[in-house]
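Written out below as structure tokens is the structure these notes cover.
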Amino acid sequence: MQDEVVIRELTGFDQIQTIFPLYGQTGSLPEALFRERLRAMIAQGNYRCIAAFVGDRMVGVSGLWIGVQLWAGKWAEADHVVVDHEMRSAGVGAKMMAWLEAEATRMGCDLIRISMLLGKERTHNFYSRNGYADDGLILVKPLSAWAESEFPEYAAHKAAMRRGEADA
């Protein structure tokens with residue numbers, strides 16, 4: 001890559017909301033709902049956001065949550081990690097993950113984790129190459145029409161369960 005990738009933390013709603021165009025490469029979340037959720041995430045007090053830049057161009061983003069759970073101790077979680085489709089395989093994702101891991105270590109975290117949807121083999125392979133191992137399973141049950149439309153595999157499971165109940 002010719003130009004250096006620089007990682008910067010974005011602070012406050014006005015800066016963080018600038019990730020929307022890049023985040024939009026991953027799904028169909030309407031901008032108004034994105035802004036509503038972002039405000040709620042920031043209000044929780046344990047959400048942070050970084051962006052990778054080449055010059056003035058934002059080429060990657062990731063959220064960062066810090067929390068504590070009995071089973072995991074203090075943890076950091078990378079969230080909504082996105083690298084611009086034109087910049088994938090150029091080292092942007094690895095540089096962002098290195099920044100997140102260093103920050104998690106600095107914050108005294110015992111581990112860093114990331115959740116991802118099934119069927120994303122390229123993404124899974126990236127994390128595996130970067131030292132992440134499968135160590136859990138998240139079970140999800142959609143409770144809203146939005147969740148059912150956004151995650152059709154969950155809705156299909158729910159529909160199959162309804163059919164099974166009807167057959168019983």
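Chains: A, B, ... in order of the structure tokens. Residues: from 1 per chain. Ligands: from 1, in order shown.
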Counting only C-alpha atoms, which residues of stretch 22-127 of chain A sit at most 9 Å from some atom of stretch 139-153 of chain A, and what is each one's closest atom pair with its distance in Å to one decimal, listed by chain and rising residue number, as a tab-separated table?
residue	atom	partner	partner_atom	distance
A:Gly27	CA	A:Glu150	CA	8.5
A:Ser28	CA	A:Glu150	CA	8.1
A:Leu29	CA	A:Glu150	CA	8.7
Could you take the residues named above and write them with all heavy atoms, as a compact mmCIF listing (two decimals), in the first residue's frame?
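Ended up saving to again-v6.txt:
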# COMPACT_ATOMS: atom_id res chain seq x y z
N GLY A 27 -24.79 -3.61 5.17
CA GLY A 27 -26.19 -3.96 5.39
C GLY A 27 -27.13 -2.87 4.93
O GLY A 27 -26.74 -1.95 4.21
N SER A 28 -28.34 -2.97 5.39
CA SER A 28 -29.38 -2.07 4.91
C SER A 28 -30.01 -1.25 6.03
O SER A 28 -31.16 -0.84 5.92
CB SER A 28 -30.47 -2.89 4.20
OG SER A 28 -31.01 -3.83 5.12
N LEU A 29 -29.28 -0.99 7.10
CA LEU A 29 -29.81 -0.22 8.21
C LEU A 29 -30.08 1.21 7.75
O LEU A 29 -29.17 1.89 7.28
CB LEU A 29 -28.81 -0.22 9.37
CG LEU A 29 -29.28 0.36 10.69
CD1 LEU A 29 -30.40 -0.49 11.29
CD2 LEU A 29 -28.11 0.42 11.66
DSSP helix (DSSP H, G or I) selection over stretch 22-115 of chain A, as an MDAnalysis selection string: chainID A and resid 22:26 31:43 85:87 92:106
Write out as a PDB file with N, CA, C and O atoms, in the first residue's frame each polymer residue whose atoms come within 10 Å of stretch 114-130 of chain A, counting only C-alpha atoms; drop sequence neighbours fewer than 6 positions from it.
ATOM      1  N   LEU A  64     -15.792  -0.462  19.747  1.00  0.00           N
ATOM      2  CA  LEU A  64     -15.088  -1.150  20.817  1.00  0.00           C
ATOM      3  C   LEU A  64     -15.921  -1.033  22.083  1.00  0.00           C
ATOM      4  O   LEU A  64     -16.258   0.074  22.507  1.00  0.00           O
ATOM      5  N   ALA A  76     -12.839  -6.910  26.009  1.00  0.00           N
ATOM      6  CA  ALA A  76     -13.085  -5.906  24.971  1.00  0.00           C
ATOM      7  C   ALA A  76     -13.726  -6.647  23.814  1.00  0.00           C
ATOM      8  O   ALA A  76     -13.412  -7.808  23.559  1.00  0.00           O
ATOM      9  N   GLU A  77     -14.650  -5.995  23.145  1.00  0.00           N
ATOM     10  CA  GLU A  77     -15.271  -6.605  21.965  1.00  0.00           C
ATOM     11  C   GLU A  77     -15.238  -5.629  20.806  1.00  0.00           C
ATOM     12  O   GLU A  77     -15.712  -4.499  20.916  1.00  0.00           O
ATOM     13  N   ALA A  78     -14.644  -6.090  19.705  1.00  0.00           N
ATOM     14  CA  ALA A  78     -14.692  -5.329  18.458  1.00  0.00           C
ATOM     15  C   ALA A  78     -16.100  -5.484  17.893  1.00  0.00           C
ATOM     16  O   ALA A  78     -16.675  -6.573  17.940  1.00  0.00           O
ATOM     17  N   ASP A  79     -16.658  -4.399  17.391  1.00  0.00           N
ATOM     18  CA  ASP A  79     -18.048  -4.420  16.928  1.00  0.00           C
ATOM     19  C   ASP A  79     -18.154  -3.671  15.608  1.00  0.00           C
ATOM     20  O   ASP A  79     -17.509  -2.641  15.425  1.00  0.00           O
ATOM     21  N   HIS A  80     -18.978  -4.141  14.740  1.00  0.00           N
ATOM     22  CA  HIS A  80     -19.203  -3.576  13.404  1.00  0.00           C
ATOM     23  C   HIS A  80     -17.884  -3.185  12.727  1.00  0.00           C
ATOM     24  O   HIS A  80     -17.698  -2.069  12.280  1.00  0.00           O
ATOM     25  N   VAL A  81     -16.985  -4.161  12.621  1.00  0.00           N
ATOM     26  CA  VAL A  81     -15.706  -3.949  11.945  1.00  0.00           C
ATOM     27  C   VAL A  81     -15.966  -3.964  10.441  1.00  0.00           C
ATOM     28  O   VAL A  81     -16.518  -4.924   9.910  1.00  0.00           O
ATOM     29  N   SER A  89      -7.888  -6.764   2.067  1.00  0.00           N
ATOM     30  CA  SER A  89      -6.628  -7.477   1.800  1.00  0.00           C
ATOM     31  C   SER A  89      -5.453  -6.525   1.626  1.00  0.00           C
ATOM     32  O   SER A  89      -4.438  -6.901   1.046  1.00  0.00           O
ATOM     33  N   GLY A  93      -7.562  -4.077   8.031  1.00  0.00           N
ATOM     34  CA  GLY A  93      -8.210  -4.809   9.117  1.00  0.00           C
ATOM     35  C   GLY A  93      -7.201  -5.256  10.167  1.00  0.00           C
ATOM     36  O   GLY A  93      -7.442  -5.139  11.371  1.00  0.00           O
ATOM     37  N   ALA A  94      -6.053  -5.764   9.736  1.00  0.00           N
ATOM     38  CA  ALA A  94      -5.030  -6.207  10.684  1.00  0.00           C
ATOM     39  C   ALA A  94      -4.517  -5.035  11.513  1.00  0.00           C
ATOM     40  O   ALA A  94      -4.288  -5.178  12.717  1.00  0.00           O
ATOM     41  N   MET A  97      -7.216  -4.193  14.100  1.00  0.00           N
ATOM     42  CA  MET A  97      -7.274  -5.183  15.170  1.00  0.00           C
ATOM     43  C   MET A  97      -6.066  -5.055  16.099  1.00  0.00           C
ATOM     44  O   MET A  97      -6.196  -5.197  17.311  1.00  0.00           O
ATOM     45  N   ALA A  98      -4.889  -4.750  15.558  1.00  0.00           N
ATOM     46  CA  ALA A  98      -3.710  -4.549  16.403  1.00  0.00           C
ATOM     47  C   ALA A  98      -3.932  -3.358  17.337  1.00  0.00           C
ATOM     48  O   ALA A  98      -3.566  -3.416  18.518  1.00  0.00           O
ATOM     49  N   GLY A 136     -17.155 -20.287  21.349  1.00  0.00           N
ATOM     50  CA  GLY A 136     -18.487 -20.089  21.880  1.00  0.00           C
ATOM     51  C   GLY A 136     -19.521 -20.133  20.780  1.00  0.00           C
ATOM     52  O   GLY A 136     -19.209 -20.248  19.606  1.00  0.00           O
ATOM     53  N   LEU A 137     -20.715 -20.020  21.207  1.00  0.00           N
ATOM     54  CA  LEU A 137     -21.848 -20.017  20.305  1.00  0.00           C
ATOM     55  C   LEU A 137     -22.860 -19.057  20.887  1.00  0.00           C
ATOM     56  O   LEU A 137     -23.184 -19.116  22.075  1.00  0.00           O
ATOM     57  N   ILE A 138     -23.310 -18.154  20.067  1.00  0.00           N
ATOM     58  CA  ILE A 138     -24.337 -17.220  20.506  1.00  0.00           C
ATOM     59  C   ILE A 138     -25.657 -17.680  19.898  1.00  0.00           C
ATOM     60  O   ILE A 138     -25.759 -17.827  18.679  1.00  0.00           O
ATOM     61  N   PHE A 151     -32.213 -10.706   9.800  1.00  0.00           N
ATOM     62  CA  PHE A 151     -31.538 -11.987  10.001  1.00  0.00           C
ATOM     63  C   PHE A 151     -32.471 -13.116   9.581  1.00  0.00           C
ATOM     64  O   PHE A 151     -33.033 -13.811  10.419  1.00  0.00           O
ATOM     65  N   GLU A 153     -32.046 -16.057   8.555  1.00  0.00           N
ATOM     66  CA  GLU A 153     -31.747 -17.411   9.035  1.00  0.00           C
ATOM     67  C   GLU A 153     -32.374 -17.652  10.404  1.00  0.00           C
ATOM     68  O   GLU A 153     -32.806 -18.744  10.713  1.00  0.00           O
TER      69      GLU A 153
END
Residue neighbourhood A:Thr26, 10 Å, only C-alpha atoms, exclusion window fewer than 4 positions, as a ChimeraX atom specification: /A:21-22,80-85
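Comparing A:Asn46, A:Ala160, A:Thr11, A:Ile19 by their smallest distance to A:Glu31, the closest is A:Ile19 (using only C-alpha atoms).
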Selection: 8 Å around stretch 36-42 of chain A, only C-alpha atoms, excl. self and same-chain fewer than 5 positions, as a ChimeraX atom specification: /A:12-13,17,47-48
Output C-alpha atoms for every residue in that selection, as a tab-separated table (two decimals), in the first residue's frame.
chain	number	residue	atom	x	y	z
A	12	GLY	CA	-18.71	12.12	20.38
A	13	PHE	CA	-21.77	11.59	18.25
A	17	GLN	CA	-21.75	9.30	12.92
A	47	TYR	CA	-18.72	2.29	23.69
A	48	ARG	CA	-15.84	3.70	21.68
A:Asp110 surroundings by only C-alpha atoms, 7 Å radius, close-in-sequence under 6 positions cut, as a list in words: Gly73, Lys74 and Trp75 of chain A
